[in-house]
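**Q** Provided herewith: coords.txt, compact mmCIF, C-alpha atoms.
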```txt
# COMPACT_ATOMS: atom_id res chain seq x y z
CA MET A 293 258.32 230.27 72.40
CA ILE A 294 254.54 230.70 72.15
CA ARG A 295 253.30 234.18 73.10
CA ALA A 296 249.88 233.95 74.76
CA VAL A 297 247.43 236.36 76.38
CA HIS A 298 245.19 235.03 79.16
CA TYR A 299 241.80 236.48 80.21
CA LEU A 300 240.50 236.17 83.80
CA ASN A 301 237.72 237.80 85.79
CA GLN A 302 238.44 239.98 88.81
CA PHE A 303 238.16 237.04 91.16
CA PHE A 304 240.71 234.74 89.51
CA ALA A 305 242.96 237.75 88.79
CA ARG A 306 242.95 238.35 92.57
CA ALA A 307 241.56 241.87 92.25
CA GLY A 308 238.64 241.23 94.61
CA ALA A 309 235.37 239.30 94.90
CA GLU A 310 231.79 240.44 94.15
CA GLU A 311 232.46 243.94 95.49
CA ALA A 312 235.01 244.33 92.69
CA SER A 313 232.63 243.21 89.93
CA GLN A 314 232.83 246.71 88.38
CA HIS A 315 236.63 246.53 88.21
CA PRO A 316 237.73 248.24 84.97
CA PHE A 317 239.35 246.34 82.13
CA THR A 318 243.05 245.96 83.00
CA VAL A 319 246.18 244.67 81.27
CA LYS A 320 248.87 243.21 83.53
CA GLU A 321 252.23 241.87 82.45
CA GLY A 322 252.87 238.14 82.89
CA ALA A 323 250.81 235.25 84.22
CA VAL A 324 248.44 235.64 87.19
CA GLY A 325 246.82 232.95 89.38
CA PRO A 326 245.65 230.05 87.16
CA GLY A 327 247.91 231.47 84.44
CA MET A 328 250.94 229.92 86.19
CA LYS A 329 249.79 226.36 85.52
CA LEU A 330 248.41 227.31 82.12
CA GLU A 331 251.86 228.58 81.12
CA GLN A 332 253.40 225.18 81.99
CA GLU A 333 250.81 223.24 80.03
CA LEU A 334 251.15 225.59 77.11
CA GLY A 335 254.92 225.33 77.00
CA GLY A 336 255.02 229.02 76.22
CA LYS A 337 254.82 232.43 77.84
CA ILE A 338 251.79 234.40 78.95
CA VAL A 339 252.99 237.85 77.97
CA ALA A 340 250.00 239.53 79.58
CA THR A 341 246.93 238.76 81.65
CA ILE A 342 243.88 240.82 80.82
CA PHE A 343 241.03 240.97 83.32
CA CYS A 344 237.82 242.78 84.10
CA GLY A 345 235.05 242.82 86.72
CA ASP A 346 232.20 240.41 85.83
CA ASP A 347 229.42 243.01 85.90
CA ARG A 348 231.46 245.52 83.99
CA ALA A 349 232.25 242.97 81.24
CA ALA A 350 228.89 241.23 80.91
CA GLY A 351 226.88 244.41 81.52
CA ASP A 352 228.12 245.92 78.25
CA LEU A 353 229.71 243.22 76.13
CA ALA A 354 230.16 245.55 73.15
CA ALA A 355 232.17 248.10 75.15
CA PHE A 356 234.09 245.30 76.86
CA GLY A 357 234.79 243.67 73.50
CA ALA A 358 236.16 246.93 72.11
CA GLU A 359 238.61 247.19 75.03
CA VAL A 360 239.66 243.57 74.50
CA GLU A 361 240.23 244.20 70.82
CA LYS A 362 242.37 247.29 71.48
CA ALA A 363 244.52 245.40 73.99
CA LEU A 364 244.95 242.39 71.70
CA ARG A 365 246.04 244.63 68.81
CA GLU A 366 248.79 246.10 70.99
CA LEU A 367 249.89 242.80 72.57
CA ALA A 368 249.75 240.86 69.27
CA PRO A 369 249.82 237.36 70.85
CA GLU A 370 249.92 234.13 68.85
CA VAL A 371 247.06 232.65 70.87
CA VAL A 372 244.46 233.78 73.43
CA VAL A 373 243.12 231.68 76.31
CA ALA A 374 240.09 232.76 78.36
CA GLY A 375 238.99 231.30 81.68
CA PRO A 376 238.07 228.55 82.52
CA ALA A 377 234.74 230.07 83.49
CA PHE A 378 233.08 226.91 84.94
CA ASN A 379 229.36 227.65 85.45
CA ALA A 380 229.82 231.38 86.18
CA GLY A 381 227.42 233.04 83.71
CA ARG A 382 228.84 236.56 83.49
CA TYR A 383 232.40 235.22 83.34
CA GLY A 384 231.38 232.77 80.62
CA LEU A 385 229.94 235.56 78.48
CA ALA A 386 233.12 237.60 78.91
CA CYS A 387 235.33 234.62 77.98
CA GLY A 388 233.21 233.98 74.87
CA GLU A 389 233.42 237.64 73.85
CA VAL A 390 237.22 237.65 74.31
CA CYS A 391 237.56 234.61 72.02
CA ALA A 392 235.17 236.03 69.41
CA ARG A 393 237.13 239.33 69.32
CA ALA A 394 240.46 237.48 69.05
CA LYS A 395 239.10 235.42 66.18
CA ALA A 396 237.93 238.58 64.42
CA LEU A 397 241.54 239.84 64.59
CA GLY A 398 242.81 236.54 63.17
CA ILE A 399 244.24 235.36 66.51
CA PRO A 400 243.26 231.78 67.45
CA ALA A 401 241.56 231.53 70.83
CA VAL A 402 240.06 228.97 73.20
CA THR A 403 238.03 229.03 76.40
CA ALA A 404 236.47 226.42 78.69
CA MET A 405 233.22 226.37 80.63
CA HIS A 406 230.49 224.11 81.95
CA ILE A 407 227.86 223.02 79.43
CA GLU A 408 225.13 224.91 81.30
CA ASN A 409 227.02 228.20 81.20
CA PRO A 410 225.02 230.52 78.86
CA GLY A 411 228.34 231.43 77.22
CA VAL A 412 228.38 227.98 75.57
CA GLU A 413 225.21 228.53 73.54
CA LEU A 414 226.09 232.13 72.70
CA TYR A 415 229.69 231.63 71.62
CA ARG A 416 230.19 228.00 70.60
CA ARG A 417 229.73 228.96 66.95
CA SER A 418 232.34 231.71 67.02
CA ALA A 419 234.92 230.20 69.39
CA TYR A 420 236.51 226.96 70.50
CA VAL A 421 234.82 226.23 73.85
CA LEU A 422 236.08 223.22 75.82
CA PRO A 423 233.94 221.54 78.48
CA ALA A 424 234.73 222.24 82.14
CA ALA A 425 233.39 221.19 85.51
CA PRO A 426 230.70 223.43 87.07
CA THR A 427 233.05 224.69 89.78
CA ALA A 428 236.72 225.56 90.26
CA LEU A 429 237.27 222.04 91.62
CA GLY A 430 237.85 221.24 87.95
CA MET A 431 240.55 223.92 87.55
CA ASN A 432 243.59 221.70 87.02
CA ASP A 433 241.92 219.48 84.45
CA ALA A 434 240.54 222.46 82.53
CA LEU A 435 243.90 224.26 82.51
CA THR A 436 245.64 221.14 81.20
CA ARG A 437 243.24 220.80 78.29
CA LEU A 438 243.22 224.56 77.60
CA GLY A 439 247.02 224.65 77.56
CA ARG A 440 247.37 221.73 75.17
CA PHE A 441 244.63 222.99 72.87
CA ALA A 442 246.16 226.50 72.85
CA ALA A 443 249.60 225.04 72.01
CA LYS A 444 248.09 223.30 68.97
CA LEU A 445 246.33 226.50 67.90
CA ALA A 446 249.53 228.54 68.26
CA ALA A 447 251.50 225.99 66.25
CA GLY A 448 248.92 226.19 63.48
CA ALA A 449 248.34 222.43 63.80
CA PRO A 450 245.15 221.17 62.12
CA ILE A 451 242.19 221.05 64.52
CA GLY A 452 240.00 217.98 64.07
CA ASP A 453 236.27 217.71 64.54
CA ALA A 454 234.49 218.50 67.79
CA HIS A 455 234.18 214.86 68.78
CA ALA A 456 237.87 214.09 68.29
CA GLU A 457 239.19 217.30 69.85
CA GLY A 458 236.69 217.57 72.69
CA TYR A 459 235.30 221.08 72.12
CA TYR A 460 231.57 221.86 71.98
CA GLY A 461 230.34 221.46 68.40
CA ARG A 462 230.38 224.72 66.47
CA GLY A 463 227.74 223.69 63.95
CA VAL A 464 230.41 223.66 61.24
CA ARG A 465 230.43 220.98 58.56
CA ARG A 466 233.55 220.29 56.52
CA VAL A 467 233.58 218.28 53.36
CA ALA A 468 236.03 215.41 53.74
CA LEU A 469 236.70 212.10 52.05
CA HIS A 470 236.03 209.10 54.29
CA GLU A 471 237.71 205.76 53.65
CA LYS A 472 234.29 204.05 53.93
CA ARG A 473 231.18 204.86 51.95
CA ALA A 474 228.15 206.27 53.81
CA ALA A 475 226.15 203.07 53.19
CA ASP A 476 228.88 200.94 54.76
CA ARG A 477 229.13 203.25 57.75
CA ALA A 478 225.36 203.21 58.22
CA LEU A 479 225.30 199.40 58.14
CA ASP A 480 228.21 199.25 60.61
CA MET A 481 226.20 201.47 62.98
CA LEU A 482 223.10 199.36 62.53
CA ALA A 483 225.06 196.15 63.19
CA ALA A 484 226.61 197.72 66.31
CA ARG A 485 223.21 198.82 67.54
CA LEU A 486 221.64 195.40 67.00
CA ALA A 487 224.56 193.75 68.79
CA GLY A 488 224.35 196.24 71.66
CA ARG A 489 227.84 197.59 70.91
CA PRO A 490 228.58 201.31 71.33
CA PHE A 491 228.56 203.50 68.22
CA THR A 492 228.70 207.19 67.47
CA THR A 493 226.06 208.78 65.29
CA GLU A 494 227.19 211.12 62.54
CA VAL A 495 223.97 213.12 62.80
CA PRO A 496 223.29 213.94 66.44
CA LEU A 497 219.72 215.11 67.05
CA PRO A 498 219.17 218.23 69.13
CA ALA A 499 218.29 217.50 72.74
CA ILE A 500 214.58 217.96 73.42
CA GLU A 501 213.64 219.58 76.70
CA HIS A 502 210.88 218.05 78.78
CA ILE A 503 207.96 220.43 79.25
CA VAL A 504 205.68 220.01 82.23
CA PRO A 505 202.02 220.10 81.10
CA ALA A 506 200.31 223.42 81.85
CA LYS A 507 197.46 223.39 84.37
CA PRO A 508 194.09 222.78 82.71
CA LEU A 509 191.52 225.54 82.27
CA ALA A 510 188.70 225.43 84.83
CA SER A 511 186.15 226.00 82.07
CA VAL A 512 186.44 226.80 78.37
CA ALA A 513 182.96 228.37 78.56
CA LYS A 514 184.50 231.21 80.61
CA ALA A 515 187.80 231.34 78.71
CA ARG A 516 189.24 233.51 75.96
CA VAL A 517 190.67 231.14 73.35
CA ALA A 518 193.10 231.97 70.53
CA ILE A 519 194.08 230.01 67.43
CA VAL A 520 197.78 229.77 66.58
CA THR A 521 199.09 227.91 63.55
CA THR A 522 202.38 226.89 61.97
CA GLY A 523 200.45 226.23 58.75
CA GLY A 524 201.27 229.46 56.90
CA ILE A 525 197.70 230.78 56.50
CA VAL A 526 197.84 234.50 55.58
CA PRO A 527 195.46 237.03 54.00
CA LYS A 528 195.37 236.51 50.22
CA GLY A 529 198.42 238.04 48.57
CA ASN A 530 200.61 237.61 51.69
CA PRO A 531 200.67 241.38 52.47
CA ASP A 532 203.58 241.11 54.94
CA GLY A 533 205.70 238.79 52.82
CA LEU A 534 205.78 235.97 55.40
CA LYS A 535 208.52 233.56 54.30
CA GLN A 536 207.37 230.16 53.06
CA SER A 537 210.21 228.32 54.82
CA ASN A 538 213.02 228.91 57.34
CA SER A 539 210.70 231.33 59.10
CA THR A 540 212.03 233.86 61.53
CA GLU A 541 208.78 235.82 61.79
CA TRP A 542 205.26 235.37 63.06
CA LYS A 543 202.20 237.52 62.35
CA ALA A 544 198.79 238.12 63.91
CA TYR A 545 195.83 238.77 61.61
CA PRO A 546 192.36 240.04 62.58
CA ILE A 547 189.37 237.69 62.47
CA ALA A 548 186.91 239.85 64.43
CA GLY A 549 183.50 239.69 62.74
CA LEU A 550 184.51 236.80 60.44
CA ALA A 551 182.37 233.64 60.59
CA SER A 552 184.89 231.60 58.61
CA LEU A 553 188.24 231.88 56.81
CA ASP A 554 187.03 232.01 53.23
CA ALA A 555 188.93 230.76 50.19
CA GLY A 556 190.03 233.68 48.07
CA LYS A 557 190.43 235.89 51.14
CA PHE A 558 193.00 233.72 52.91
CA GLU A 559 195.61 231.32 51.53
CA SER A 560 198.56 229.19 52.63
CA ILE A 561 202.09 230.25 51.69
CA HIS A 562 203.67 227.30 53.55
CA GLY A 563 206.54 225.76 51.56
CA GLY A 564 206.40 222.31 53.15
CA TYR A 565 203.06 220.74 52.22
CA ASP A 566 200.60 220.61 49.32
CA THR A 567 198.53 223.72 49.99
CA SER A 568 195.69 222.97 47.52
CA SER A 569 193.26 221.74 50.24
CA ALA A 570 194.12 224.63 52.57
CA ASN A 571 193.67 227.14 49.75
CA ALA A 572 190.29 225.63 48.84
CA ASN A 573 189.22 225.81 52.50
CA PRO A 574 191.57 227.66 54.91
CA ASN A 575 189.43 226.36 57.83
CA TYR A 576 191.30 223.03 57.36
CA VAL A 577 194.27 224.78 59.02
CA VAL A 578 192.64 227.61 61.03
CA PRO A 579 189.27 226.06 62.02
CA LEU A 580 187.50 229.38 62.48
CA ASP A 581 184.11 228.23 61.11
CA VAL A 582 183.52 225.64 63.84
CA ALA A 583 185.26 227.74 66.53
CA ARG A 584 182.72 230.51 65.84
CA GLU A 585 179.90 228.00 66.15
CA LEU A 586 181.31 226.84 69.51
CA GLU A 587 181.55 230.48 70.59
CA SER A 588 177.94 231.20 69.58
CA THR A 589 176.63 228.23 71.55
CA GLY A 590 178.67 229.25 74.61
CA ALA A 591 181.06 226.28 74.55
CA ILE A 592 183.92 228.79 74.10
CA GLY A 593 183.68 231.93 76.26
CA ALA A 594 185.21 234.20 73.61
CA LEU A 595 187.40 233.70 70.58
CA HIS A 596 190.43 236.04 70.55
CA ASP A 597 190.11 238.63 67.78
CA THR A 598 193.33 237.73 65.94
CA TYR A 599 194.95 234.47 64.94
CA TYR A 600 198.73 233.95 65.00
CA VAL A 601 200.73 232.38 62.19
CA THR A 602 204.16 231.33 61.04
CA ALA A 603 205.26 228.81 58.44
CA GLY A 604 206.79 225.90 60.32
CA VAL A 605 209.22 224.36 57.86
CA GLY A 606 213.00 224.28 58.08
CA THR A 607 212.88 226.70 60.98
CA ALA A 608 215.81 226.43 63.38
CA VAL A 609 214.80 225.22 66.84
CA ALA A 610 216.28 228.34 68.44
CA GLU A 611 214.16 230.55 66.17
CA ALA A 612 211.05 228.47 66.83
CA ARG A 613 211.65 228.75 70.56
CA ARG A 614 212.02 232.54 70.34
CA MET A 615 208.87 232.91 68.22
CA GLY A 616 206.95 230.66 70.61
CA ARG A 617 208.05 232.76 73.56
CA GLU A 618 207.09 236.00 71.79
CA ILE A 619 203.66 234.69 70.79
CA ALA A 620 203.04 233.38 74.32
CA GLU A 621 203.98 236.77 75.79
CA ASP A 622 201.60 238.53 73.40
CA LEU A 623 198.78 236.09 74.22
CA ARG A 624 199.31 236.63 77.92
CA ALA A 625 199.34 240.42 77.55
CA ARG A 626 196.00 240.17 75.71
CA LYS A 627 194.52 238.03 78.46
CA VAL A 628 194.10 234.87 76.39
CA ASP A 629 193.46 231.83 78.61
CA GLY A 630 193.82 228.94 76.20
CA VAL A 631 195.24 228.22 72.77
CA ILE A 632 194.41 225.81 69.98
CA LEU A 633 197.60 225.28 68.00
CA THR A 634 197.26 223.68 64.61
CA ALA A 635 200.30 222.18 62.90
CA THR A 636 200.62 221.04 59.29
CA MET B 143 197.51 221.18 69.59
CA ILE B 144 195.88 219.58 66.56
CA SER B 145 198.44 217.65 64.53
CA ALA B 146 198.40 214.77 62.07
CA LEU B 147 201.78 213.76 63.53
CA GLY B 148 200.68 213.19 67.14
CA PRO B 149 203.63 211.10 68.33
CA VAL B 150 206.10 213.55 66.74
CA ALA B 151 204.37 216.48 68.44
CA ILE B 152 204.66 214.70 71.79
CA GLU B 153 208.28 213.75 71.14
CA LEU B 154 209.02 217.46 70.59
CA GLY B 155 207.37 218.59 73.82
CA ALA B 156 203.67 219.18 73.08
CA ASN B 157 201.55 217.81 75.93
CA ARG B 158 197.91 218.10 74.81
CA VAL B 159 197.69 216.71 71.29
CA VAL B 160 194.56 215.97 69.27
CA ARG B 161 195.11 213.54 66.42
CA GLY B 162 194.53 215.54 63.23
CA VAL B 163 193.46 214.17 59.85
CA LYS B 164 196.41 214.66 57.46
CA ILE B 165 199.43 216.95 57.32
CA PRO B 166 197.99 219.29 54.62
CA HIS B 167 194.52 219.39 56.23
CA PRO B 168 194.74 218.62 59.96
CA CYS B 169 191.23 220.00 60.69
CA GLY B 170 189.06 218.20 58.16
CA ASP B 171 188.94 215.84 55.21
CA PRO B 172 188.35 217.22 51.68
CA THR B 173 187.26 213.76 50.45
CA LEU B 174 184.10 213.93 52.63
CA ASP B 175 180.93 215.74 51.67
CA PRO B 176 180.78 219.25 53.20
CA SER B 177 178.41 218.45 56.08
CA ARG B 178 180.42 215.38 57.22
CA ASP B 179 183.65 217.36 56.76
CA ARG B 180 182.38 220.18 58.96
CA ALA B 181 181.15 217.71 61.60
CA LEU B 182 184.61 216.10 61.64
CA ARG B 183 186.23 219.53 62.14
CA LEU B 184 183.78 220.43 64.90
CA GLY B 185 184.62 217.15 66.67
CA LEU B 186 188.36 217.84 66.39
CA VAL B 187 188.01 221.32 67.92
CA ARG B 188 185.73 219.95 70.65
CA GLY B 189 188.44 217.35 71.33
CA ALA B 190 190.94 220.23 71.67
CA LEU B 191 188.64 222.04 74.14
CA ARG B 192 188.33 218.83 76.16
CA ALA B 193 192.16 218.58 76.20
CA LEU B 194 192.34 222.14 77.55
CA VAL B 195 190.30 221.25 80.64
CA THR B 196 191.90 217.83 81.25
CA PRO B 197 194.47 217.66 84.10
CA LEU B 198 197.66 215.94 82.91
CA GLU B 199 200.76 214.58 84.60
CA GLU B 200 202.37 213.75 81.28
CA ALA B 201 201.73 214.19 77.56
CA ALA B 202 198.62 212.57 76.07
CA ILE B 203 197.00 212.14 72.66
CA PHE B 204 193.29 212.99 72.48
CA GLU B 205 190.85 211.93 69.77
CA GLY B 206 188.39 214.25 68.11
CA GLU B 207 184.81 213.85 69.33
CA ARG B 208 182.24 212.11 67.13
CA VAL B 209 179.72 214.62 65.86
CA PRO B 210 176.95 213.47 63.50
CA PRO B 211 176.71 215.36 60.19
CA GLY B 212 174.70 218.50 60.73
CA GLY B 213 175.27 218.06 64.47
CA SER B 214 175.33 221.17 66.60
CA ALA B 215 178.17 222.47 68.71
CA ALA B 216 176.19 222.35 71.92
```
With the file now loaded, output its structure as structure tokens.

**A**
Amino acid sequence: MIRAVHYLNQFFARAGAEEASQHPFTVKEGAVGPGMKLEQELGGKIVATIFCGDDRAAGDLAAFGAEVEKALRELAPEVVVAGPAFNAGRYGLACGEVCARAKALGIPAVTAMHIENPGVELYRRSAYVLPAAPTALGMNDALTRLGRFAAKLAAGAPIGDAHAEGYYGRGVRRVALHEKRAADRALDMLAARLAGRPFTTEVPLPAIEHIVPAKPLASVAKARVAIVTTGGIVPKGNPDGLKQSNSTEWKAYPIAGLASLDAGKFESIHGGYDTSSANANPNYVVPLDVARELESTGAIGALHDTYYVTAGVGTAVAEARRMGREIAEDLRARKVDGVILTAT
Amino acid sequence: MISALGPVAIELGANRVVRGVKIPHPCGDPTLDPSRDRALRLGLVRGALRALVTPLEEAAIFEGERVPPGGSAA
């Protein structure tokens, strides 16, 4: 008989609604609420239900996680199930944390939530997260899939890839021998595509979000303009050790009083293009010489007194997004109106 | 944004894109003589300034402006 522990929030554990969102972490014997159906699907026993108020859990995930870990050590289940959390953000974070803590103790765990729940992005790499509907209307379906997946985990059965098993991809690649060579598989996909038949890519591209164009400036002649580049231009000698690829950092360097970015004073440390032209004339990447001319003639109101740089090569999209947000916040705080971004 | 890979930049979410020269030197061309090279760069940055004041409903690629060698920024 499988021994499972189930995590719920205060609402599904029937301890109260929003007013109970500070409910302390609690361990209760047996199955509660959705745990009844989960137990059937699992074909095992929920030895304990653990639950916590949403604010209490998500407000301090580290403290919450420590309580979860302590409880799981004492209960020593064979598998942990959390949720489903649907599109409830705080609940999703708590479910993800429960699974991550279980995994750290060597106990397999699974949760389920809607794709837009922030818990998916935060925990999909450290936990099995199954899709779920946005609301509790999808409860029965989610419990069925959670129960079956948990039974496999508890039995130590091999878990296939994300596509076959239905969990959100964890970004894990396993080396495996395929019965067909890559070239044959690629041609099969091409043939399917040309014939209009369905096929599944082996290299899914990240989804690109649509960005609404910003409002135009009323006049550049009255604007403060900054230059931002992903081209890796740094002061000669790279004083801050900016990485030449897989960047996780950006820097801002002063250009006040400079008419041009001169060779020998600035250089490119970018690891993704031939930097000989940029080193001979850094203005090819940060066009300060002509920007100064446009400032002196009044075409640009004022040039911001620093330029911003990172090396855009091999950088993870999530890192790029964070750096972009940080640079934008800094530009806004310094009252910059417009930006010329140069990309190599 | 000045990029030699305009369509890629737009595919990835950039909305105001000026077509740059080449990946290693988006803002100029080292094969030109210095005065033509500088005029090309000036035209690219002027194209970027024009993009900044252009109302857009969706992403667009802008061209650098033509500036004669030795031409002024005015």

**Q** May I have a table of the residues of chain B lying at most 6 Å from chain A, giving each one's closest pair of atoms and their distance in Å to one decimal, counting only C-alpha atoms, ordered by chain and ascending residue number, as a Markdown table?

**A**
```
| residue | atom | partner | partner_atom | distance |
| --- | --- | --- | --- | --- |
| B:Met143 | CA | A:Leu633 | CA | 4.4 |
| B:Ile144 | CA | A:Thr634 | CA | 4.7 |
| B:Ser145 | CA | A:Ala635 | CA | 5.2 |
| B:Gly155 | CA | A:Ile503 | CA | 5.8 |
| B:Asn157 | CA | A:Pro505 | CA | 5.7 |
| B:Ile165 | CA | A:Thr636 | CA | 4.7 |
| B:Pro166 | CA | A:Thr636 | CA | 5.6 |
| B:His167 | CA | A:Tyr576 | CA | 5.0 |
| B:Cys169 | CA | A:Tyr576 | CA | 4.5 |
| B:Gly170 | CA | A:Tyr576 | CA | 5.4 |
| B:Leu184 | CA | A:Val582 | CA | 5.3 |
| B:Leu194 | CA | A:Pro508 | CA | 5.5 |
| B:Val195 | CA | A:Pro508 | CA | 4.6 |
| B:Thr196 | CA | A:Pro508 | CA | 5.6 |
| B:Pro197 | CA | A:Pro508 | CA | 5.3 |
| B:Ala215 | CA | A:Leu586 | CA | 5.4 |
| B:Ala216 | CA | A:Thr589 | CA | 5.9 |
```

**Q** Report the distance between atom CA of Gly308 of chain A and atom CA of Gly388 of chain A in Å, rounded to one decimal place.

**A** 21.7 Å

**Q** Please provide the set of residues having any atom within 8 Å of segment 528-543 of chain A, restricted to all atoms listed in the file, with same-chain residues fewer than 5 positions apart removed, written as a PyMOL selection string.

**A** chain A and resi 556-559+561-564+600-608+611-612+615+619

**Q** Return the single residue from A:Phe441, A:Tyr460, A:Phe303, A:Tyr545 that is closest to Val372 of chain A, with distances computed using all atoms listed in the file.

**A**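 For Val372 of chain A, the nearest of the given residues is A:Phe441.
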
**Q** Can you tell me how far atom CA of Leu595 of chain A sits from atom CA of Ala515 of chain A, in Å to one decimal?

**A** 8.5 Å

**Q** Select, from B:Ala151, B:Ala146, B:Pro176, B:Ala201, the residue with the minimum atom-to-atom distance to Val163 of chain B, counting all atoms listed in the file.

**A**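 Of B:Ala151, B:Ala146, B:Pro176, B:Ala201, the one nearest Val163 of chain B, counting all atoms listed in the file, is B:Ala146.
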
**Q** Report the distance between atom CA of Glu199 of chain B and atom CA of Leu186 of chain B in Å, rounded to one decimal place.

**A**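 It comes out at 22.3 Å.
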
**Q** Go through A:Val526, A:Ala442, A:Ile342, A:Met405 one by one, measure the shortest atom-to-atom distance of each to Ala305 of chain A using all atoms listed in the file, and give the residue with the smallest value.

**A**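 Among the listed residues, the smallest separation from Ala305 of chain A belongs to A:Ile342.
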
**Q** Using only C-alpha atoms, which residue out of A:Ala309, A:Ile407, A:Ala518, A:Ala396 lies closest to Ala544 of chain A?

**A**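 Ranking A:Ala309, A:Ile407, A:Ala518, A:Ala396 by distance to Ala544 of chain A, first place goes to A:Ala518.
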